[in-house]
Amino acid sequence: MVSVITSFSRITILSFVLIFTAIDIFQMFEYKMSDSLNSILSTIQAVIVVVFLINGSVVLFISKNNVTIIGLLFLELMLFTGIVVALYKTATPISRALINNVLLFMSFGFLMLERLKLNTAVKQLGFTIASLIITLMAILIIKNVKHVSEHIYFYAGIGIVSLLLVSILGRVEYGARTSFAIMGIRIQPSEFVKLSFIFFIAAAICTYRDYRGFAIATIGSMLHVIVLVFSKDLGSALIFLGTYAFLIFIAYKNYIVMTLEFVLATIGGILAFKLFPHIQTRFIAWSDPLSVIDDKGYQISQSLFAIGTPGWLGTGLNNGMPNKIPIVTNDFIFAAIAEEMGNVVAVCLIIMFMCTVFILLMIAHETANNFYMLVVSGIGIIFAIQTILNIGGVIKFIPSTGVTLPFVSNGGSSMLSMMICLFIAECSGELANKNTRGTYER
C-alpha cells in the first residue's frame, strides 16, 4: 500500500510543479497582464504551494510512520501564513509571484530535509521562524534610518571587519574558513555581508554618480574579495566579484570595464587554482570524478548517480538513496530532489529559479529610486549566481563551490540573509519613499 501511494504521488507532485512552472513562465512573458488575471494566477500558485506541501508531507508520514512530520506540516503552513501576512503589513504593493516562488522553494527544502534528516528539518524550521522575526526587526530599522543611501563607509567597514574576524577566528571547513560557532549555533558571516556589500556599492554609486563612485566601489569590493581569498572562501569571493561586476555594468553600462573585470576574474581564478590545494581537489573531482570515485570524486559521482539513475519521474519520496551523497542537506540537496521527485521536477525547479531572478530584476526596473534599484538588482544577481554555482556544481557543469541553494538548502545563516533579501525587494518602493534623499534619473 505504501509503495502504491508513493508511486502515485510522483504523478501528483509532477502535476503540481508543472502547473506552477507554466504559470511562472506565462507571468514572465506577460509581465504587464491585467490585475484580475494576475490575481487569479497567483491564487492558483498559492493553492498549489499548500497542496504540494501537504501531498509531500502525507507521503512522508505514511512511509516513515512518524507523527512529527504532521506536526511540522502544521507549523510550516502557519509559518507561510505569517510570511504572507508580514509582507502585506510591511509592503504595498507586493509581488505575489515572488512570494509564491519563495514559498515553493521552502516547501521543497522542508520536504527533502524531513526525508533526509528529520532532526535537521526541525532545526531548519526553527531557524526559518527566527529568520522571519529578525527580518521584521531589520526592515523596521531600515525604515527608520535617515538617508540610508549615504552611509558608504559604514557598510564597507562592517562587511570587511566581519570577514576579517571569520578569517582569523573562524573554523576551517573543507579547506576554507567560513564560519564560527556561538553557543553551539554555526554562523556564516559572509551570508550577511552580501547585504552590506550590495548596500555599499549602491551607496557609493548613488552618492557620487561619477568616477569617484566607481573608484570607491572598486576599492571596497577588492578589499572584500581579498579577505575572502585570504580565508580561502572562494565560492563567496566569486559571488561578491560577480555581483560587483554586474552592478557596475548596470550603473555605468561600460562594456570595456565589464570585459576588463572578467579578464581580471579569470586571471584570479587561475592563480587561485595554483595556490590553493582544495581548489585543485575540486577541479580533479569535477574533470573526471569516476577516476577518483573512492576519494575526491565520491560526492559528485554519487550526485550524478542520483540524478541519472531514477529517470524523469524519480523513485518517489523516501524510495531513493540520497543519503549516500555527502553533505546532501546542504550543497547537494538538488540531487536528492532530482532522484526522488524526478528530472522533470528538477528541470522545472531550475526554470522557477530563472523566473524568480526575472521577477527580482523587474522589481528593480520599476523602482524609481536609483539606490534601491541597485540594491534589488544586486539581490537578483546574488540569487542568480548562487543558484548557478550550486546547481552547476551538483550536475557537474562547473566545479563544486560549497554554495547553498537559496531557500532550499539547510542553513540558518543562508535562510536569514535570503529572507531579508526577499523583504527588502518587496518593500523597495516603500523604503525608497521613506529614507532616501530623492529619486535620481537613470
# chains A, B, ... in the order shown; residues from 1 in each chain; ligands from 1

call {"tool": "residues_around", "arguments": {"residues": "A:Met341", "least_positions_apart": "5", "cutoff": "12 Å", "atoms": "only C-alpha atoms", "output": "MDAnalysis selection string"}}
result
chainID A and resid 6:17 52 56 108 111:112 115 306:307 310:320 322 333:336 346:349

call {"tool": "write_last_selection", "arguments": {"atoms": "C-alpha atoms", "output": "mmCIF file, in the first residue's frame"}}
result
data_model
loop_
_atom_site.group_PDB
_atom_site.id
_atom_site.type_symbol
_atom_site.label_atom_id
_atom_site.label_comp_id
_atom_site.auth_asym_id
_atom_site.auth_seq_id
_atom_site.Cartn_x
_atom_site.Cartn_y
_atom_site.Cartn_z
ATOM 1 C CA THR A 6 4.448 6.735 -3.101
ATOM 2 C CA SER A 7 4.333 5.843 -6.801
ATOM 3 C CA PHE A 8 1.066 7.722 -7.318
ATOM 4 C CA SER A 9 2.478 10.754 -5.504
ATOM 5 C CA ARG A 10 5.137 11.072 -8.203
ATOM 6 C CA ILE A 11 2.348 11.965 -10.660
ATOM 7 C CA THR A 12 0.572 14.381 -8.310
ATOM 8 C CA ILE A 13 3.798 16.161 -7.354
ATOM 9 C CA LEU A 14 4.802 16.379 -11.015
ATOM 10 C CA SER A 15 1.375 17.789 -11.926
ATOM 11 C CA PHE A 16 1.547 20.483 -9.257
ATOM 12 C CA VAL A 17 5.058 21.512 -10.258
ATOM 13 C CA PHE A 52 2.241 20.367 -2.756
ATOM 14 C CA GLY A 56 4.646 15.505 0.224
ATOM 15 C CA PHE A 108 10.980 21.687 -1.436
ATOM 16 C CA LEU A 111 10.155 18.106 2.459
ATOM 17 C CA MET A 112 13.625 16.949 1.459
ATOM 18 C CA ARG A 115 13.029 12.924 4.132
ATOM 19 C CA ALA A 306 21.285 10.053 -8.003
ATOM 20 C CA ILE A 307 20.288 12.350 -10.864
ATOM 21 C CA PRO A 310 15.793 7.162 -11.451
ATOM 22 C CA GLY A 311 14.778 8.798 -14.746
ATOM 23 C CA TRP A 312 12.258 11.532 -15.490
ATOM 24 C CA LEU A 313 9.702 10.661 -12.783
ATOM 25 C CA GLY A 314 12.096 9.749 -9.974
ATOM 26 C CA THR A 315 11.917 6.974 -7.430
ATOM 27 C CA GLY A 316 9.256 8.632 -5.282
ATOM 28 C CA LEU A 317 9.680 10.228 -1.857
ATOM 29 C CA ASN A 318 11.590 8.013 0.584
ATOM 30 C CA ASN A 319 12.311 5.430 -2.137
ATOM 31 C CA GLY A 320 15.740 6.610 -3.268
ATOM 32 C CA PRO A 322 20.116 10.287 -1.466
ATOM 33 C CA ILE A 333 20.044 18.845 -1.970
ATOM 34 C CA PHE A 334 19.173 19.442 -5.638
ATOM 35 C CA ALA A 335 20.474 15.945 -6.440
ATOM 36 C CA ALA A 336 18.177 14.475 -3.762
ATOM 37 C CA ALA A 346 14.320 19.219 -11.291
ATOM 38 C CA VAL A 347 14.163 20.998 -14.661
ATOM 39 C CA CYS A 348 11.012 22.823 -13.575
ATOM 40 C CA LEU A 349 12.794 23.898 -10.402
#

call {"tool": "residues_around", "arguments": {"residues": "A:Leu118", "least_positions_apart": "6", "cutoff": "12 Å", "atoms": "only C-alpha atoms", "output": "PyMOL selection string"}}
result
chain A and resi 57+60-61+64+66-72+109-112+124-125+329+410

call {"tool": "select_by_dssp", "arguments": {"residues": "stretch 22-192 of chain A", "states": "helix (DSSP H, G or I)", "output": "ChimeraX atom specification"}}
result
/A:22-29,35-64,68-90,96-116,118-144,148-150,152-169,189-192

call {"tool": "write_last_selection", "arguments": {"atoms": "C-alpha atoms", "output": "compact mmCIF listing (two decimals), in the first residue's frame"}}
result
# COMPACT_ATOMS: atom_id res chain seq x y z
CA ALA A 22 3.68 27.02 -16.59
CA ILE A 23 2.11 29.93 -14.69
CA ASP A 24 5.59 31.24 -13.83
CA ILE A 25 6.60 31.22 -17.49
CA PHE A 26 3.34 32.88 -18.54
CA GLN A 27 3.77 35.61 -15.93
CA MET A 28 7.35 36.17 -17.08
CA PHE A 29 6.36 36.77 -20.71
CA ASP A 35 -4.58 42.82 -12.28
CA SER A 36 -7.53 40.41 -12.32
CA LEU A 37 -5.67 37.77 -14.36
CA ASN A 38 -2.56 38.20 -12.26
CA SER A 39 -4.63 37.73 -9.11
CA ILE A 40 -6.22 34.53 -10.44
CA LEU A 41 -2.89 33.01 -11.48
CA SER A 42 -1.21 34.00 -8.21
CA THR A 43 -4.06 32.45 -6.23
CA ILE A 44 -3.71 29.20 -8.19
CA GLN A 45 0.01 29.17 -7.42
CA ALA A 46 -0.64 29.82 -3.72
CA VAL A 47 -3.06 26.87 -3.60
CA ILE A 48 -0.50 24.67 -5.37
CA VAL A 49 2.13 25.56 -2.74
CA VAL A 50 -0.21 24.39 0.02
CA VAL A 51 -1.33 21.14 -1.66
CA PHE A 52 2.24 20.37 -2.76
CA LEU A 53 3.45 20.65 0.83
CA ILE A 54 0.51 18.63 2.16
CA ASN A 55 0.96 15.96 -0.52
CA GLY A 56 4.65 15.50 0.22
CA SER A 57 4.16 15.55 4.00
CA VAL A 58 1.40 12.93 3.88
CA VAL A 59 3.56 10.62 1.73
CA LEU A 60 6.48 11.00 4.13
CA PHE A 61 4.21 10.40 7.13
CA ILE A 62 2.82 7.20 5.60
CA SER A 63 6.25 5.91 4.56
CA LYS A 64 8.08 6.87 7.77
CA THR A 68 6.37 14.56 13.91
CA ILE A 69 6.02 15.14 10.15
CA ILE A 70 2.34 16.09 10.54
CA GLY A 71 3.25 18.46 13.36
CA LEU A 72 5.90 20.05 11.14
CA LEU A 73 3.34 20.40 8.34
CA PHE A 74 1.03 22.50 10.51
CA LEU A 75 3.91 24.65 11.73
CA GLU A 76 5.14 25.16 8.15
CA LEU A 77 1.68 26.24 6.98
CA MET A 78 1.47 28.65 9.91
CA LEU A 79 4.93 29.98 9.01
CA PHE A 80 3.90 30.53 5.38
CA THR A 81 0.79 32.36 6.54
CA GLY A 82 2.96 34.50 8.81
CA ILE A 83 5.32 35.38 5.96
CA VAL A 84 2.45 36.43 3.68
CA VAL A 85 0.73 38.47 6.38
CA ALA A 86 4.02 40.14 7.36
CA LEU A 87 4.72 41.10 3.75
CA TYR A 88 1.26 42.57 3.29
CA LYS A 89 1.70 44.55 6.51
CA THR A 90 5.15 45.90 5.62
CA ARG A 96 2.63 37.73 -5.23
CA ALA A 97 4.55 35.75 -7.86
CA LEU A 98 7.80 36.29 -5.93
CA ILE A 99 6.18 35.21 -2.65
CA ASN A 100 4.72 32.07 -4.23
CA ASN A 101 8.05 31.07 -5.73
CA VAL A 102 9.91 31.55 -2.45
CA LEU A 103 7.30 29.56 -0.51
CA LEU A 104 7.51 26.71 -3.01
CA PHE A 105 11.31 26.68 -2.70
CA MET A 106 10.90 26.49 1.07
CA SER A 107 8.43 23.62 0.62
CA PHE A 108 10.98 21.69 -1.44
CA GLY A 109 13.57 22.32 1.27
CA PHE A 110 11.36 21.28 4.18
CA LEU A 111 10.15 18.11 2.46
CA MET A 112 13.62 16.95 1.46
CA LEU A 113 15.09 17.71 4.89
CA GLU A 114 12.25 15.74 6.53
CA ARG A 115 13.03 12.92 4.13
CA LEU A 116 16.79 13.04 4.74
CA LEU A 118 14.16 14.81 10.47
CA ASN A 119 16.14 16.49 13.25
CA THR A 120 17.74 18.79 10.70
CA ALA A 121 14.30 19.66 9.31
CA VAL A 122 13.10 20.61 12.80
CA LYS A 123 16.13 22.86 13.30
CA GLN A 124 15.69 24.44 9.87
CA LEU A 125 12.05 25.23 10.61
CA GLY A 126 13.14 26.86 13.87
CA PHE A 127 15.80 28.87 12.03
CA THR A 128 13.22 29.99 9.44
CA ILE A 129 10.77 31.17 12.10
CA ALA A 130 13.60 33.05 13.84
CA SER A 131 14.65 34.47 10.45
CA LEU A 132 11.17 35.91 9.91
CA ILE A 133 11.21 37.62 13.31
CA ILE A 134 14.72 39.03 12.83
CA THR A 135 13.86 40.15 9.29
CA LEU A 136 10.85 42.13 10.50
CA MET A 137 13.07 43.88 13.05
CA ALA A 138 15.68 44.56 10.34
CA ILE A 139 13.09 46.08 7.99
CA LEU A 140 11.79 48.26 10.83
CA ILE A 141 15.32 49.52 11.47
CA ILE A 142 15.96 50.21 7.78
CA LYS A 143 12.69 52.12 7.51
CA ASN A 144 13.76 54.41 10.37
CA VAL A 148 20.25 55.13 4.19
CA SER A 149 21.94 55.61 0.82
CA GLU A 150 24.69 57.81 2.27
CA ILE A 152 29.00 54.25 2.39
CA TYR A 153 31.88 53.64 4.76
CA PHE A 154 29.68 52.09 7.46
CA TYR A 155 28.53 49.39 5.02
CA ALA A 156 32.09 48.80 3.80
CA GLY A 157 33.54 48.78 7.31
CA ILE A 158 31.03 46.37 8.84
CA GLY A 159 31.45 43.99 5.90
CA ILE A 160 35.24 43.95 5.81
CA VAL A 161 35.60 43.72 9.61
CA SER A 162 33.12 40.81 9.76
CA LEU A 163 35.01 38.93 7.07
CA LEU A 164 38.33 39.65 8.78
CA LEU A 165 37.02 38.25 12.07
CA VAL A 166 35.95 34.99 10.47
CA SER A 167 39.24 34.76 8.56
CA ILE A 168 41.11 34.94 11.89
CA LEU A 169 38.73 33.25 14.34
CA PRO A 189 29.12 35.99 8.33
CA SER A 190 29.62 36.09 4.55
CA GLU A 191 25.88 35.42 4.13
CA PHE A 192 25.04 38.69 5.90

call {"tool": "closest_residue", "arguments": {"among": "A:Thr207, A:Thr309, A:Ser303, A:Ser221", "to": "A:Phe371", "atoms": "only C-alpha atoms"}}
result
A:Thr207

call {"tool": "atom_distance", "arguments": {"atom1": "atom CA of A:Asn390", "atom2": "atom CA of A:Ala265"}}
result
19.1 Å
